[in-house]
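Asks: What follows is model-v2.cif, mmCIF, C-alpha atoms and all ligand atoms.
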data_entry
#
loop_
_atom_site.label_atom_id
_atom_site.label_comp_id
_atom_site.auth_asym_id
_atom_site.auth_seq_id
_atom_site.Cartn_x
_atom_site.Cartn_y
_atom_site.Cartn_z
CA MET A 1 -54.78 -144.04 90.92
CA ARG A 2 -57.05 -141.84 88.82
CA THR A 3 -58.98 -143.76 86.23
CA ILE A 4 -60.23 -142.20 83.06
CA PRO A 5 -63.73 -143.39 82.17
CA PRO A 6 -64.00 -144.85 78.68
CA SER A 7 -65.65 -142.41 76.33
CA SER A 8 -69.26 -143.33 75.63
CA SER A 9 -69.00 -143.18 71.86
CA GLY A 10 -66.64 -142.81 68.96
CA ARG A 11 -68.30 -139.46 68.30
CA SER A 12 -67.24 -137.97 71.66
CA ARG A 13 -63.74 -139.43 71.24
CA GLY A 14 -63.64 -137.72 67.86
CA LYS A 15 -64.75 -134.43 69.40
CA CYS A 16 -62.10 -134.75 72.08
CA SER A 17 -59.23 -135.33 69.70
CA TRP A 18 -60.57 -132.57 67.50
CA SER A 19 -60.54 -130.07 70.42
CA PHE A 20 -57.05 -131.26 71.24
CA ALA A 21 -55.87 -130.63 67.68
CA ARG A 22 -57.40 -127.14 67.67
CA THR A 23 -55.82 -126.26 71.02
CA ALA A 24 -52.45 -127.55 69.84
CA CYS A 25 -52.87 -125.40 66.80
CA VAL A 26 -53.57 -122.21 68.77
CA LEU A 27 -50.59 -122.92 71.05
CA ALA A 28 -48.31 -123.53 68.07
CA ASP A 29 -49.44 -120.25 66.57
CA ARG A 30 -48.55 -118.42 69.81
CA ALA A 31 -45.23 -120.22 70.02
CA PHE A 32 -44.31 -118.98 66.54
CA GLN A 33 -44.95 -115.45 67.66
CA ASP A 34 -42.92 -115.86 70.88
CA ASP A 35 -40.18 -117.41 68.78
CA GLY A 36 -39.88 -114.12 66.92
CA MET A 37 -39.75 -116.15 63.71
CA GLU A 38 -41.52 -114.77 60.66
CA LEU A 39 -44.88 -116.54 60.65
CA GLU A 40 -44.91 -116.94 56.91
CA ILE A 41 -41.61 -118.85 56.80
CA HIS A 42 -41.94 -121.08 59.86
CA PRO A 43 -41.67 -124.72 58.69
CA LEU A 44 -44.80 -125.77 60.59
CA ARG A 45 -46.83 -122.83 59.29
CA PRO A 46 -48.62 -124.67 56.44
CA LEU A 47 -49.68 -127.45 58.78
CA VAL A 48 -51.05 -125.02 61.35
CA ALA A 49 -52.89 -123.02 58.68
CA GLN A 50 -54.42 -126.24 57.39
CA LEU A 51 -55.57 -127.28 60.86
CA LYS A 52 -57.04 -123.87 61.61
CA ASN A 53 -59.23 -123.96 58.52
CA ALA A 54 -60.11 -127.62 58.76
CA VAL A 55 -63.66 -128.68 59.46
CA GLY A 56 -64.33 -130.46 62.73
CA PRO A 57 -67.36 -132.54 63.58
CA PRO A 58 -70.57 -130.52 63.08
CA LYS A 59 -71.47 -128.65 66.28
CA ASN A 60 -75.15 -128.29 65.46
CA LYS A 61 -77.79 -129.04 62.84
CA LYS A 62 -77.00 -125.89 60.86
CA HIS A 63 -73.45 -127.11 60.49
CA GLU A 64 -74.70 -130.51 59.34
CA MET A 65 -76.80 -128.79 56.69
CA LEU A 66 -73.85 -126.75 55.49
CA GLN A 67 -71.65 -129.83 55.49
CA LEU A 68 -74.15 -131.38 53.12
CA ALA A 69 -74.84 -128.36 50.90
CA PHE A 70 -71.24 -127.74 49.85
CA PRO A 71 -70.27 -131.25 48.71
CA THR A 72 -73.71 -131.65 47.12
CA THR A 73 -73.54 -128.51 44.99
CA THR A 74 -69.92 -129.38 44.19
CA SER A 75 -70.93 -132.82 42.89
CA TRP A 76 -73.79 -131.23 40.89
CA LYS A 77 -71.22 -128.80 39.42
CA VAL A 78 -73.26 -125.85 40.63
CA GLU A 79 -70.76 -123.05 41.07
CA GLY A 80 -71.16 -119.61 42.53
CA GLU A 81 -71.15 -117.47 45.60
CA TYR A 82 -72.45 -118.04 49.11
CA PHE A 83 -75.09 -115.52 50.20
CA GLU A 84 -76.13 -115.30 53.83
CA PHE A 85 -78.96 -112.96 54.84
CA GLY A 86 -78.72 -112.40 58.60
CA VAL A 87 -75.23 -113.23 59.84
CA PHE A 88 -75.28 -112.08 63.50
CA ARG A 89 -71.95 -113.08 65.11
CA GLY A 90 -70.77 -115.14 62.16
CA ARG A 91 -71.10 -118.71 63.43
CA ALA A 92 -72.69 -120.07 60.27
CA MET A 93 -70.39 -117.97 58.08
CA ILE A 94 -67.26 -119.36 59.76
CA HIS A 95 -68.43 -122.92 59.25
CA THR A 96 -69.38 -122.19 55.66
CA TYR A 97 -65.94 -120.78 54.97
CA ARG A 98 -64.28 -123.93 56.30
CA MET A 99 -66.60 -126.15 54.27
CA ALA A 100 -65.95 -124.21 51.06
CA ARG A 101 -62.20 -124.48 51.61
CA ARG A 102 -62.49 -128.19 52.29
CA CYS A 103 -64.35 -128.68 49.00
CA GLY A 104 -61.77 -126.54 47.18
CA ARG A 105 -64.42 -124.01 46.21
CA PRO A 106 -63.20 -120.53 45.22
CA THR A 107 -66.46 -119.07 46.53
CA ARG A 108 -66.89 -115.49 47.65
CA PHE A 109 -68.93 -115.04 50.82
CA PHE A 110 -71.57 -112.32 50.99
CA ALA A 111 -72.77 -111.24 54.43
CA PHE A 112 -75.97 -109.21 54.31
CA ASP A 113 -77.11 -107.68 57.60
CA SER A 114 -78.14 -104.41 59.23
CA PHE A 115 -75.95 -105.48 62.19
CA GLU A 116 -78.70 -103.91 64.31
CA GLY A 117 -80.71 -107.02 65.09
CA LEU A 118 -84.32 -107.70 64.18
CA PRO A 119 -86.29 -104.67 63.00
CA ALA A 120 -89.66 -103.74 64.48
CA SER A 121 -92.36 -105.73 62.71
CA ALA A 122 -95.82 -107.17 63.21
CA GLU A 123 -94.01 -110.44 64.08
CA THR A 124 -91.70 -109.02 66.77
CA GLY A 125 -92.93 -108.57 70.31
CA GLU A 126 -93.74 -111.96 71.73
CA LYS A 127 -91.18 -114.62 70.94
CA LEU A 128 -88.82 -112.41 68.97
CA GLN A 129 -87.80 -108.96 70.16
CA GLU A 130 -86.84 -105.84 68.27
CA ARG A 131 -83.01 -105.53 68.15
CA GLN A 132 -82.59 -109.19 69.13
CA TYR A 133 -79.40 -110.60 67.54
CA ALA A 134 -77.71 -107.18 67.30
CA CYS A 135 -73.95 -107.50 66.71
CA SER A 136 -71.74 -104.82 65.18
CA GLN A 137 -70.08 -105.37 61.81
CA GLU A 138 -66.69 -104.86 63.51
CA GLN A 139 -67.42 -107.62 66.02
CA PHE A 140 -68.67 -109.92 63.23
CA LEU A 141 -65.47 -109.40 61.20
CA ASP A 142 -63.31 -109.77 64.28
CA ASN A 143 -64.96 -113.12 65.08
CA LEU A 144 -64.23 -114.29 61.53
CA LYS A 145 -60.62 -113.15 61.68
CA ARG A 146 -60.05 -114.89 65.00
CA ALA A 147 -61.46 -118.07 63.51
CA GLY A 148 -58.88 -117.95 60.73
CA VAL A 149 -61.18 -116.76 57.92
CA ASP A 150 -59.46 -114.89 55.10
CA ILE A 151 -61.70 -111.85 55.28
CA SER A 152 -60.63 -110.59 51.87
CA THR A 153 -63.08 -113.23 50.57
CA VAL A 154 -65.95 -111.89 52.71
CA HIS A 155 -68.08 -109.02 51.41
CA CYS A 156 -70.33 -107.27 53.91
CA VAL A 157 -73.42 -105.48 52.69
CA LYS A 158 -74.61 -103.45 55.64
CA GLY A 159 -78.17 -102.18 55.84
CA VAL A 160 -81.79 -103.01 56.45
CA PHE A 161 -82.78 -105.33 53.60
CA ASP A 162 -85.61 -103.27 52.14
CA GLN A 163 -83.09 -100.43 51.68
CA SER A 164 -79.79 -102.22 51.04
CA LEU A 165 -80.91 -104.90 48.53
CA THR A 166 -81.30 -102.60 45.54
CA PRO A 167 -81.47 -103.15 41.75
CA ARG A 168 -78.17 -101.30 41.58
CA LEU A 169 -76.51 -103.86 43.88
CA GLN A 170 -77.99 -106.62 41.71
CA ARG A 171 -76.36 -105.03 38.67
CA ASP A 172 -73.05 -104.61 40.48
CA LEU A 173 -72.96 -108.29 41.44
CA ALA A 174 -74.04 -109.55 38.00
CA PRO A 175 -73.27 -111.90 36.33
CA SER A 176 -72.43 -113.80 39.52
CA LYS A 177 -74.65 -116.71 40.48
CA SER A 178 -75.24 -118.13 43.90
CA ALA A 179 -74.72 -121.80 44.72
CA ILE A 180 -75.96 -121.64 48.31
CA VAL A 181 -78.29 -119.08 49.84
CA TRP A 182 -78.74 -119.05 53.60
CA VAL A 183 -81.83 -117.11 54.74
CA ASP A 184 -81.71 -116.51 58.48
CA CYS A 185 -83.62 -113.32 59.21
CA ASP A 186 -86.61 -114.83 61.02
CA LEU A 187 -89.39 -112.44 59.92
CA TYR A 188 -91.82 -112.21 57.00
CA GLU A 189 -90.97 -108.53 56.38
CA SER A 190 -87.24 -109.26 56.33
CA THR A 191 -87.57 -112.29 54.03
CA VAL A 192 -89.65 -110.53 51.32
CA PRO A 193 -86.86 -108.20 50.06
CA VAL A 194 -84.30 -111.03 50.35
CA LEU A 195 -86.24 -113.34 48.03
CA ASP A 196 -86.92 -110.57 45.50
CA PHE A 197 -83.23 -109.71 45.51
CA ILE A 198 -81.89 -113.22 44.88
CA VAL A 199 -83.96 -113.95 41.73
CA PRO A 200 -81.24 -113.10 39.15
CA PHE A 201 -78.61 -115.03 41.11
CA LEU A 202 -80.47 -118.31 41.26
CA GLN A 203 -79.69 -121.19 38.93
CA THR A 204 -80.97 -124.71 38.64
CA GLY A 205 -79.26 -126.63 41.43
CA SER A 206 -78.80 -123.72 43.85
CA ILE A 207 -79.70 -124.72 47.38
CA ILE A 208 -81.73 -122.32 49.54
CA CYS A 209 -81.72 -122.96 53.26
CA PHE A 210 -84.33 -121.27 55.42
CA ASP A 211 -83.16 -121.38 59.01
CA ASP A 212 -86.54 -120.30 60.43
CA TRP A 213 -88.97 -122.08 58.11
CA PHE A 214 -90.96 -123.49 61.04
CA GLY A 215 -90.21 -120.43 63.21
CA PHE A 216 -93.90 -119.71 63.77
CA GLY A 217 -94.90 -123.32 64.27
CA GLY A 218 -95.29 -123.80 60.52
CA HIS A 219 -98.02 -121.11 60.24
CA PRO A 220 -98.61 -120.63 56.48
CA LEU A 221 -99.38 -116.92 56.87
CA LYS A 222 -96.26 -115.99 58.84
CA GLY A 223 -92.51 -115.66 58.52
CA GLU A 224 -90.46 -117.35 55.83
CA ILE A 225 -93.25 -119.69 54.71
CA ARG A 226 -95.59 -116.83 53.84
CA ALA A 227 -92.84 -114.82 52.12
CA THR A 228 -91.79 -117.85 50.04
CA ASN A 229 -95.31 -118.82 48.94
CA GLU A 230 -96.02 -115.26 47.80
CA TRP A 231 -92.66 -115.05 46.04
CA LEU A 232 -93.23 -118.31 44.14
CA ALA A 233 -96.62 -116.99 42.99
CA ARG A 234 -94.88 -113.84 41.64
CA ASN A 235 -92.09 -115.85 39.97
CA PRO A 236 -93.57 -118.76 37.99
CA LEU A 237 -90.19 -119.61 36.41
CA ILE A 238 -88.81 -120.59 39.80
CA ARG A 239 -89.73 -123.88 41.42
CA LEU A 240 -88.47 -125.31 44.68
CA THR A 241 -88.05 -128.97 45.49
CA HIS A 242 -87.93 -129.87 49.16
CA TYR A 243 -84.42 -131.09 49.97
CA ARG A 244 -83.65 -131.54 53.72
CA ASP A 245 -84.97 -130.31 57.04
CA PHE A 246 -82.46 -129.36 59.70
CA GLY A 247 -82.61 -128.48 63.40
CA VAL A 248 -85.91 -127.52 64.99
CA SER A 249 -87.02 -125.01 62.38
CA GLY A 250 -84.87 -125.28 59.24
CA ARG A 251 -85.85 -126.46 55.77
CA SER A 252 -83.85 -126.43 52.55
CA PHE A 253 -84.85 -126.57 48.90
CA VAL A 254 -83.23 -127.18 45.54
CA VAL A 255 -84.00 -124.48 42.98
CA HIS A 256 -85.22 -125.17 39.43
CA VAL A 257 -85.29 -122.24 37.05
CA SER A 258 -87.37 -122.82 33.90
CA GLU A 259 -86.99 -121.05 30.58
CA THR A 260 -90.74 -120.85 30.15
CA ALA A 261 -93.56 -120.77 32.65
CA PRO A 262 -95.11 -124.19 33.27
CA SER A 263 -98.57 -124.41 31.64
C1 LIG B 301 -80.75 -115.27 63.89
S1 LIG B 301 -79.64 -114.05 63.46
C2 LIG B 301 -78.62 -114.81 62.22
C3 LIG B 301 -77.73 -115.93 62.75
C4 LIG B 301 -76.62 -116.37 61.81
N1 LIG B 301 -77.09 -116.72 60.50
C5 LIG B 301 -75.88 -117.56 62.38
O1 LIG B 301 -76.28 -118.71 62.11
O2 LIG B 301 -74.89 -117.38 63.08
C6 LIG B 301 -80.66 -112.95 62.50
C7 LIG B 301 -79.92 -111.80 61.84
O3 LIG B 301 -80.78 -111.21 60.85
C8 LIG B 301 -80.55 -109.81 60.79
N2 LIG B 301 -81.77 -109.20 60.22
C9 LIG B 301 -83.06 -109.56 60.44
N3 LIG B 301 -83.90 -108.81 59.71
C10 LIG B 301 -83.13 -107.95 58.99
C11 LIG B 301 -83.42 -106.93 58.02
N4 LIG B 301 -84.68 -106.62 57.67
N5 LIG B 301 -82.39 -106.27 57.46
C12 LIG B 301 -81.11 -106.57 57.81
N6 LIG B 301 -80.76 -107.53 58.70
C13 LIG B 301 -81.76 -108.21 59.30
C14 LIG B 301 -80.28 -109.43 62.25
O4 LIG B 301 -79.54 -108.23 62.36
C15 LIG B 301 -79.51 -110.66 62.77
O5 LIG B 301 -78.12 -110.48 62.64
#
Will you turn the file into structure tokens for me?
Ligand SMILES: C[S@@+](CC[C@H](N)C(=O)[O-])C[C@H]1O[C@@H](n2cnc3c(N)ncnc32)[C@H](O)[C@@H]1O

Replies:
Amino acid sequence: MRTIPPSSSGRSRGKCSWSFARTACVLADRAFQDDGMELEIHPLRPLVAQLKNAVGPPKNKKHEMLQLAFPTTTSWKVEGEYFEFGVFRGRAMIHTYRMARRCGRPTRFFAFDSFEGLPASAETGEKLQERQYACSQEQFLDNLKRAGVDISTVHCVKGVFDQSLTPRLQRDLAPSKSAIVWVDCDLYESTVPVLDFIVPFLQTGSIICFDDWFGFGGHPLKGEIRATNEWLARNPLIRLTHYRDFGVSGRSFVVHVSETAPS
């Protein structure tokens, strides 16, 4: 007789039943199609839709951070859009979408990326390569669709940041504010235009997550740390309070926007 070893923890049991629920959901979806029944009117449709967009256990530390940022900004009553700078294949975006839905947030999701991978820079070459993380916009959107994201809520801004993040785009998006900003573009030169762009969208209580804060071993003159220190010096009305660290290189902050510069 085959014995099934007891699962080592409640966490892995949870993961198992979660995978089971997702698989059941995909199969049910297929069965509806084979059935020839209109998807929209199938009696089980709402349940399947709910399961598809539900949030499972976090798969990594980024997910844990996102699972904290949404309920936190919701409880602080900080409303606004989700901005992600550097989206690659959409893994973080998919998780964000599910979190926002779970918190009942009518957020719009902005995906900023060249979709060409990392640009050439003084910081590419050794650990990070030019064109690393290239993924086409079509592939990104397809990944989102397959994960059940309603892509009418996702707005892609394609282009290299120092060309695509323009004052005109800032005006077009005004008066929107951002509740959560996810900066995941690895390099100093990529982070500089991102931080300059987000200034008018920040509000007290916005959370900024830097995925690569410690990307260069915490070197103060490299990457996101250098870009942020220089940006804070240029913008005395903005102050950041350390919030949480996540994964091997992530750090998040809560934004405070003052009316007048601190003396
Ligand atoms: C590490 S990946 C992002 C991963 C994604 N946030 C996730 O968690 O699934 C970095 C992304 O930043 C983009 N990127 C980096 N520098 C850029 C720049 N200067 N302009 C536009 N996109 C850039 C790359 O194309 C790539 O998609």

Asks: Sorted by chain and rising residue number, which residues of region 83-191 of chain A lie within 12 Å of region 253-263 of chain A, and what are their closest atom pairs and distances in Å to one decimal, counting all atoms listed in the file, as JSON lines?

Replies:
{"residue": "A:Ser178", "atom": "CA", "partner": "A:Val255", "partner_atom": "CA", "distance": 10.9}
{"residue": "A:Ala179", "atom": "CA", "partner": "A:Val255", "partner_atom": "CA", "distance": 9.8}
{"residue": "A:Ile180", "atom": "CA", "partner": "A:Val254", "partner_atom": "CA", "distance": 9.6}
{"residue": "A:Val181", "atom": "CA", "partner": "A:Phe253", "partner_atom": "CA", "distance": 10.0}
{"residue": "A:Trp182", "atom": "CA", "partner": "A:Phe253", "partner_atom": "CA", "distance": 10.8}
{"residue": "A:Val183", "atom": "CA", "partner": "A:Phe253", "partner_atom": "CA", "distance": 11.5}

Asks: Could the residues in this selection be written to a file with C-alpha atoms, as a CSV table (one decimal), keeping the file's coordinate frame?

Replies:
chain,number,residue,atom,x,y,z
A,178,SER,CA,-75.2,-118.1,43.9
A,179,ALA,CA,-74.7,-121.8,44.7
A,180,ILE,CA,-76.0,-121.6,48.3
A,181,VAL,CA,-78.3,-119.1,49.8
A,182,TRP,CA,-78.7,-119.0,53.6
A,183,VAL,CA,-81.8,-117.1,54.7

Asks: Residues within 8 Å of ligand LIG 301 (chain B) (only C-alpha atoms and all ligand atoms), as an MDAnalysis selection string?

Replies: chainID A and resid 62 84:93 112:119 131:135 158:162 182:187 189:191 211

Asks: At what distance in Å, to one decimal, does CA of Leu237 (chain A) lie from CA of Gln203 (chain A)?

Replies: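 Result for CA of Gln203 (chain A) versus CA of Leu237 (chain A): 10.9 Å, one decimal.
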
Asks: Can you work out the spacing between CA of Asp142 (chain A) and CA of Cys156 (chain A) in Å, to one decimal?

Replies: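 A separation of 12.8 Å between them.
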
Asks: Write out as a list in words the residues lying within 8 Å of region 165-167 of chain A, counting only C-alpha atoms and excluding same-chain residues fewer than 3 positions away.

Replies: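 Residues near the query, excluding close chain neighbours: Phe161, Asp162, Gln170, Arg171, Pro193, Val194 and Phe197 of chain A.
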
Asks: For a quick check of understanding, using all atoms listed in the file, which of A:Ile238, A:Leu128, A:Ala147, A:Val78 has the smallest distance to Arg105 (chain A)?

Replies: A:Val78

Asks: Would you mind reading off the distance between CA of His219 (chain A) and CA of Tyr82 (chain A), one decimal, in Å?

Replies: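 Atom-to-atom, CA of His219 (chain A) to CA of Tyr82 (chain A), that is 28.1 Å.
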
Asks: When you look at Gly247 (chain A) with a cut-off of 9 Å (counting all atoms listed in the file), what residues show up, excluding the ones that are within fewer than 2 positions of it in the same chain? I need them as a list in words.

Replies: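 These residues fall inside the cut-off: Asn60, Lys61, Lys62, Met65, Asp211, Asp245, Ser249, Gly250 and Arg251 of chain A.
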